[in-house]
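Trainee: Sharing a structure with you now.
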There are 2 protein chains.
Amino acid sequence: MFESAEIGHKIDKAVYKSEEPALREALLDAQFEMKERGEFPVVILINGVDGAGKGETVNLLNEWMDPRLISTHAFGVPSDEESERPRMWRYWRALPPKGHIGILFGSWYTEPIVRRVSGEIKASQLDQQIEDIVHFEKMLAHEGVIVLKFWFHLSKNKQEKRLKQLEKDPKTRWRVSDQDWENFKHYDRFREISEHVLLETSTGEAPWIVVEGEDSYYRSLTVGKQILTDIRARLDRDKPSVTPPDVAPLLPPIDNLQILDTLKLDQELSKGDYEEQLEALQGRLNLLTRHPDFCKHSVIAVFEGNDAAGKGGSIRRITAAVDARHYSIIPVAAPTEEERAQPYLWRFWRHVPRKGRITIFDRSWYGRVLVERVEGFCSEADWMRAYSEINDFEEQLSENGVIMVKFWLAISSEEQLKRFKEREQVGFKRFKITDEDWRNRDKWGQYVHAVSDMVDRTSTAVSPWTLVEANNKYFARIKIMKTLCDAIEARLGKDREKEKDKKK
Amino acid sequence: MFESAEIGHKIDKAVYKSEEPALREALLDAQFEMKERGEFPVVILINGVDGAGKGETVNLLNEWMDPRLISTHAFGVPSDEESERPRMWRYWRALPPKGHIGILFGSWYTEPIVRRVSGEIKASQLDQQIEDIVHFEKMLAHEGVIVLKFWFHLSKNKQEKRLKQLEKDPKTRWRVSDQDWENFKHYDRFREISEHVLLETSTGEAPWIVVEGEDSYYRSLTVGKQILTDIRARLDRDKPSVTPPDVAPLLPPIDNLQILDTLKLDQELSKGDYEEQLEALQGRLNLLTRHPDFCKHSVIAVFEGNDAAGKGGSIRRITAAVDARHYSIIPVAAPTEEERAQPYLWRFWRHVPRKGRITIFDRSWYGRVLVERVEGFCSEADWMRAYSEINDFEEQLSENGVIMVKFWLAISSEEQLKRFKEREQVGFKRFKITDEDWRNRDKWGQYVHAVSDMVDRTSTAVSPWTLVEANNKYFARIKIMKTLCDAIEARLGKDREKEKDKKK
């Protein structure tokens, strides 16, 4: 991977001086057009060996281009708000909105490589993280983000020479830290591991660009031209969004039997039994959330279901049992302007809870494969890829200690009709049935198909779906409470087992 | 202040049971209407003595109302991201958007009271913080926020009884911590200081509501009815926004001589001198930002000025001297939807930098008293109150260690015309002169008046304006760089003096 970056690339000063002004001009124009059109963001990753000109390049890009349209992020030790969330959260929050450029100095590559070099993680763990990264970048690319990954390279001899050079000059001495020399000792291992990572993560959507770092003219022109080329290419396409790949359409099962059809929706529970069980379950949930180990976790509960299936009522039975300081409910409505300028999942990322909290989503990212699929709000390719994007997302949550529960509240078409009519009788405006609710009913069959696909493709060991038979509200609420308590208990129990194993 | 909250208020269970359903219904309706109209938010502060039912009330409100339209925040130890910013920042970020209710459990009152009780701060410091709070709440009220401040009170005997009672019951034992008993020892001092704070902060816009905490029926109905009354009153007004108070219009000076007229705009600097001085100043700035003490501070630089006065060019001369990881530029454009749902200053609060960073605002909160005033985008009352709101804001920044510099770049009308015409010759779209630029020129006189008022009313010791004669770009840039370097140096120098004083 680094062969061509050790052959002494060089550009004459005269050439540089003659090419630079036009390049800057063209970059500024491209930036301006990007901003005006606001169709896509650019993410530039800056990685590589110390002394190879990473910092200089970041500064140069900010000088060349309009720095008002660039946000530059460096990643040091995670803040406590960051370290209580999934590893990628700090990068999610640093993504630039459409029309902007984000430079990430150090990136999601830094930590895995450094930790592998130091032996903190095993080869298999590194490979797991590599896979996560590949999935993540693929998702970004599909969302229209241009991902440009630069790796600044120096051969071992040249790095040593360069660090010494920097140290000699009082003006640049600060650039060389003890850590840099410490890192240099591990040059060979760092090179070997980096090469592995680069090879595995250089994909069609987001290839690595390795830049020999010694000659600043060569380095700067290479980076500048690459950025210009990629932005320009996107701007000059007829249709700027990514052309969706062909997808294989999903047929409903040919016998037309789907998972929702197998549910016994009418399971009974008397009011008396309900009240008794609810009280016990609420007590249990309350105790669980005050368990000393709970603060190492958080809970994300996703509620989806037919209109009028009783999501709100079920959610209130949960929150009634928990201290209001420890939960928040996210009702998912149309995305805001700031949310529309980001990848689809961004508006959910921002609500990922800190440890010890419960976040309840009243509708969720599953809108992508439900309403957006059925109504055609996104392309088939978009919702098809959403299944694996969502699985990746939930896996990361789970790895971070999040206890995931997901409920589909199912009622029969007749029951829904009954509830709609009841609501029409009630005076409260907040319960009014809208035209949209009636329209959704007309698409009942399509939703049944979408739900079946969703459950099949996103019910995983770490984040299973629970289908809730909800014609009887009492039955539904008890099933939900019980599932939630069991899930928390199981996870806390696993913690204890791990503890025991460690002690052995 | 607490007299009426020690007289044993009580409500019969029967009365409570009969009134509760209608109250809940009415609260839900009010909430729904608030959300539909999206005109104002409600902030509910929950403070008071331990054991007086604060936690129970917060949970009850979430049960009674639609918890999806409520966000509840509790404030423990500040996170590191919070502790690097002004004291109020964590509350700023917790404010609910229009249409929503935010419950702040513990609030901006908690810390000042607790710290005064423990003797960490002096009476004079407490009074300073009280004044800040009064200003802040006044601003919220003017921005249309309903601020409801509940203080839950118990007499000393009753608090003791209550804590013992809670401890006896295994189900509520967790509610009583050692800290609660520790606090109880200081009951008298806590009461005395709280009373002082409540008296000083009970204003027409945001009065305190003291609630006797012993009887849960009384407590709950009191809080519920108060919330309902206040929301309902706002909703039922013809025009929901706050009626602007009468303001005394500002006349320009009767001899028509204004501060901008006194500037010698044509001060010269040759290209050679410029380049020499710029290099020296950039070196100086770079060293200052790498000074070990710099990481205790941050810099906020505000750029305002006539169109085409050279703001962008000046900003780039600063950023060229600083590591791109340490600055960010905020170009101020129209507020986003999420920003419009918040008080005016919110969209600037969110960009307040962490320590060790430089944030440059390309236009700023001064838009309120410049373009919004001149164009009539806000009422006279709104921009008149903005002066003191801005001074409060900048004072808090300065107290937090922020080094504030503010530049007004002034060019003559003739120079502007020349630059506009030059730009029309240039092919680059990004420099195009818009109709709006031409329209602004027609209001030159009004802007001169607005700038004079702005400088007079917001140039303070901790956050002075620098008027920059900018007909000559070289002169302007050097003056800006020098002012910035001097400001940082002065502040770092003060730090060292303080250190010395401490050692003595």
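Chain labels follow the order of the structure tokens: the first chain is A, the next B, and so on; residue numbering restarts at 1 in every chain, and ligands are counted from 1 in their shown order.
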Please provide as a PyMOL selection string all residues within 8 Å of range 206-219 of chain B, with the sequence filter that same-chain residues fewer than 3 positions apart are discarded (counting only C-alpha atoms).
Mentor: chain B and resi 1-2+4-6+8-13+16+51-53+137-138+141+146-154+158+162+198+201-203+222-223
Trainee: Which residues are close to Pro41 in chain A, i.e. within 6 Å by only C-alpha atoms, leaving aside same-chain residues fewer than 2 positions away? Reply as a list in words.
Mentor: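 My reading of the contact set: Pro97, Lys98, Gly99, His100, Ile101 and Val145 of chain A.
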Trainee: Write out, as JSON lines, each residue of chain A that has an atom at most 7 Å from chain B, together with the closest pair of atoms and their distance in Å to one decimal, counting only C-alpha atoms, rows going by chain and rising number.
Mentor:
{"residue": "A:Phe32", "atom": "CA", "partner": "B:Arg430", "partner_atom": "CA", "distance": 6.1}
{"residue": "A:Val58", "atom": "CA", "partner": "B:Ala324", "partner_atom": "CA", "distance": 6.4}
{"residue": "A:Asn59", "atom": "CA", "partner": "B:Ala324", "partner_atom": "CA", "distance": 5.3}
{"residue": "A:Glu63", "atom": "CA", "partner": "B:Ala320", "partner_atom": "CA", "distance": 6.1}
{"residue": "A:Pro67", "atom": "CA", "partner": "B:Ile329", "partner_atom": "CA", "distance": 6.8}
{"residue": "A:Arg68", "atom": "CA", "partner": "B:Ile329", "partner_atom": "CA", "distance": 5.3}
{"residue": "A:Ser71", "atom": "CA", "partner": "B:Ser328", "partner_atom": "CA", "distance": 6.5}
{"residue": "A:Thr72", "atom": "CA", "partner": "B:Arg325", "partner_atom": "CA", "distance": 5.9}
{"residue": "A:His73", "atom": "CA", "partner": "B:Arg325", "partner_atom": "CA", "distance": 6.0}
{"residue": "A:Ala74", "atom": "CA", "partner": "B:Arg325", "partner_atom": "CA", "distance": 5.7}
{"residue": "A:Ser79", "atom": "CA", "partner": "B:Asp80", "partner_atom": "CA", "distance": 6.5}
{"residue": "A:Asp80", "atom": "CA", "partner": "B:Asp80", "partner_atom": "CA", "distance": 6.4}
{"residue": "A:Glu81", "atom": "CA", "partner": "B:Ser79", "partner_atom": "CA", "distance": 6.8}
{"residue": "A:Arg316", "atom": "CA", "partner": "B:Glu63", "partner_atom": "CA", "distance": 6.8}
{"residue": "A:Ala320", "atom": "CA", "partner": "B:Glu63", "partner_atom": "CA", "distance": 6.1}
{"residue": "A:Asp323", "atom": "CA", "partner": "B:Asn59", "partner_atom": "CA", "distance": 6.4}
{"residue": "A:Ala324", "atom": "CA", "partner": "B:Asn59", "partner_atom": "CA", "distance": 5.3}
{"residue": "A:Arg325", "atom": "CA", "partner": "B:Ala74", "partner_atom": "CA", "distance": 5.6}
{"residue": "A:Ser328", "atom": "CA", "partner": "B:Ser71", "partner_atom": "CA", "distance": 6.5}
{"residue": "A:Ile329", "atom": "CA", "partner": "B:Arg68", "partner_atom": "CA", "distance": 5.3}
{"residue": "A:Ile330", "atom": "CA", "partner": "B:Arg68", "partner_atom": "CA", "distance": 6.4}
{"residue": "A:Pro331", "atom": "CA", "partner": "B:Arg68", "partner_atom": "CA", "distance": 5.9}
{"residue": "A:Thr336", "atom": "CA", "partner": "B:Glu337", "partner_atom": "CA", "distance": 6.8}
{"residue": "A:Glu337", "atom": "CA", "partner": "B:Glu337", "partner_atom": "CA", "distance": 6.3}
{"residue": "A:Arg430", "atom": "CA", "partner": "B:Phe32", "partner_atom": "CA", "distance": 6.1}
Trainee: Write out as a list in words all residues of range 314-394 of chain A that backbone DSSP assigns to strand (DSSP E).
Mentor: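 Result set for range 314-394 of chain A (strand (DSSP E)): Tyr327, Ser328, Ile329, Ile330, Pro331, Ile358, Thr359, Ile360, Phe361 and Asp362 of chain A.
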Trainee: Suppose we keep all heavy atoms; can you now write the selection as an mmCIF file, in the first residue's frame?
Mentor:
data_model
loop_
_atom_site.group_PDB
_atom_site.id
_atom_site.type_symbol
_atom_site.label_atom_id
_atom_site.label_comp_id
_atom_site.auth_asym_id
_atom_site.auth_seq_id
_atom_site.Cartn_x
_atom_site.Cartn_y
_atom_site.Cartn_z
ATOM 1 N N TYR A 327 -35.536 9.229 32.487
ATOM 2 C CA TYR A 327 -35.989 8.823 31.158
ATOM 3 C C TYR A 327 -36.231 10.043 30.288
ATOM 4 O O TYR A 327 -36.426 11.145 30.780
ATOM 5 C CB TYR A 327 -37.257 7.963 31.223
ATOM 6 C CG TYR A 327 -38.504 8.667 31.716
ATOM 7 C CD1 TYR A 327 -39.243 9.499 30.865
ATOM 8 C CD2 TYR A 327 -38.950 8.494 33.015
ATOM 9 C CE1 TYR A 327 -40.381 10.134 31.314
ATOM 10 C CE2 TYR A 327 -40.089 9.132 33.477
ATOM 11 C CZ TYR A 327 -40.800 9.955 32.617
ATOM 12 O OH TYR A 327 -41.927 10.593 33.058
ATOM 13 N N SER A 328 -36.216 9.831 29.000
ATOM 14 C CA SER A 328 -36.763 10.844 28.111
ATOM 15 C C SER A 328 -37.468 10.145 26.970
ATOM 16 O O SER A 328 -37.128 9.021 26.601
ATOM 17 C CB SER A 328 -35.691 11.801 27.608
ATOM 18 O OG SER A 328 -34.654 11.087 27.036
ATOM 19 N N ILE A 329 -38.475 10.808 26.467
ATOM 20 C CA ILE A 329 -39.284 10.234 25.402
ATOM 21 C C ILE A 329 -39.054 11.067 24.156
ATOM 22 O O ILE A 329 -39.122 12.294 24.196
ATOM 23 C CB ILE A 329 -40.774 10.273 25.774
ATOM 24 C CG1 ILE A 329 -40.979 9.546 27.110
ATOM 25 C CG2 ILE A 329 -41.620 9.646 24.677
ATOM 26 C CD1 ILE A 329 -42.406 9.630 27.598
ATOM 27 N N ILE A 330 -38.747 10.412 23.081
ATOM 28 C CA ILE A 330 -38.511 11.122 21.828
ATOM 29 C C ILE A 330 -39.661 10.798 20.873
ATOM 30 O O ILE A 330 -39.704 9.711 20.299
ATOM 31 C CB ILE A 330 -37.172 10.702 21.184
ATOM 32 C CG1 ILE A 330 -36.030 10.704 22.210
ATOM 33 C CG2 ILE A 330 -36.842 11.586 19.985
ATOM 34 C CD1 ILE A 330 -35.708 12.051 22.806
ATOM 35 N N PRO A 331 -40.598 11.726 20.727
ATOM 36 C CA PRO A 331 -41.658 11.485 19.752
ATOM 37 C C PRO A 331 -41.095 11.820 18.374
ATOM 38 O O PRO A 331 -40.570 12.906 18.169
ATOM 39 C CB PRO A 331 -42.748 12.489 20.160
ATOM 40 C CG PRO A 331 -42.072 13.531 20.987
ATOM 41 C CD PRO A 331 -40.703 13.043 21.364
ATOM 42 N N ILE A 358 -32.949 5.984 30.406
ATOM 43 C CA ILE A 358 -33.851 5.244 29.529
ATOM 44 C C ILE A 358 -34.366 6.205 28.467
ATOM 45 O O ILE A 358 -34.888 7.267 28.798
ATOM 46 C CB ILE A 358 -35.045 4.687 30.324
ATOM 47 C CG1 ILE A 358 -34.542 3.711 31.398
ATOM 48 C CG2 ILE A 358 -36.057 4.022 29.403
ATOM 49 C CD1 ILE A 358 -35.654 3.122 32.254
ATOM 50 N N THR A 359 -34.197 5.860 27.217
ATOM 51 C CA THR A 359 -34.765 6.679 26.157
ATOM 52 C C THR A 359 -35.801 5.865 25.402
ATOM 53 O O THR A 359 -35.530 4.747 24.963
ATOM 54 C CB THR A 359 -33.671 7.187 25.198
ATOM 55 O OG1 THR A 359 -32.773 7.999 25.940
ATOM 56 C CG2 THR A 359 -34.270 8.022 24.078
ATOM 57 N N ILE A 360 -36.982 6.447 25.306
ATOM 58 C CA ILE A 360 -38.088 5.758 24.649
ATOM 59 C C ILE A 360 -38.393 6.477 23.344
ATOM 60 O O ILE A 360 -38.646 7.679 23.338
ATOM 61 C CB ILE A 360 -39.330 5.766 25.562
ATOM 62 C CG1 ILE A 360 -39.004 5.013 26.860
ATOM 63 C CG2 ILE A 360 -40.535 5.163 24.851
ATOM 64 C CD1 ILE A 360 -40.094 5.115 27.910
ATOM 65 N N PHE A 361 -38.326 5.747 22.262
ATOM 66 C CA PHE A 361 -38.654 6.336 20.967
ATOM 67 C C PHE A 361 -40.089 5.977 20.592
ATOM 68 O O PHE A 361 -40.415 4.796 20.450
ATOM 69 C CB PHE A 361 -37.688 5.836 19.886
ATOM 70 C CG PHE A 361 -36.329 6.454 19.983
ATOM 71 C CD1 PHE A 361 -35.323 5.855 20.727
ATOM 72 C CD2 PHE A 361 -36.038 7.646 19.338
ATOM 73 C CE1 PHE A 361 -34.055 6.424 20.833
ATOM 74 C CE2 PHE A 361 -34.781 8.227 19.429
ATOM 75 C CZ PHE A 361 -33.783 7.615 20.180
ATOM 76 N N ASP A 362 -40.917 6.995 20.465
ATOM 77 C CA ASP A 362 -42.287 6.809 20.029
ATOM 78 C C ASP A 362 -42.273 6.962 18.502
ATOM 79 O O ASP A 362 -42.309 8.067 17.992
ATOM 80 C CB ASP A 362 -43.161 7.872 20.704
ATOM 81 C CG ASP A 362 -44.631 7.691 20.413
ATOM 82 O OD1 ASP A 362 -44.972 6.865 19.537
ATOM 83 O OD2 ASP A 362 -45.453 8.381 21.054
#
Trainee: Env of Phe294 in chain B: 12 Å cut, atoms = only C-alpha atoms, seq-sep filter 2 positions within chain, self excluded. Answer as a PyMOL selection string.
Mentor: chain B and resi 285-292+296-299+326+354-358+401-403+488-493+495-496
Trainee: As a PyMOL selection string, please: all residues of range 10-228 of chain B that backbone DSSP puts in alpha helix (DSSP H).
Mentor: chain B and resi 13-37+54-64+80-83+89-92+110-117+123-142+156-168+178-185+187-201+216-228
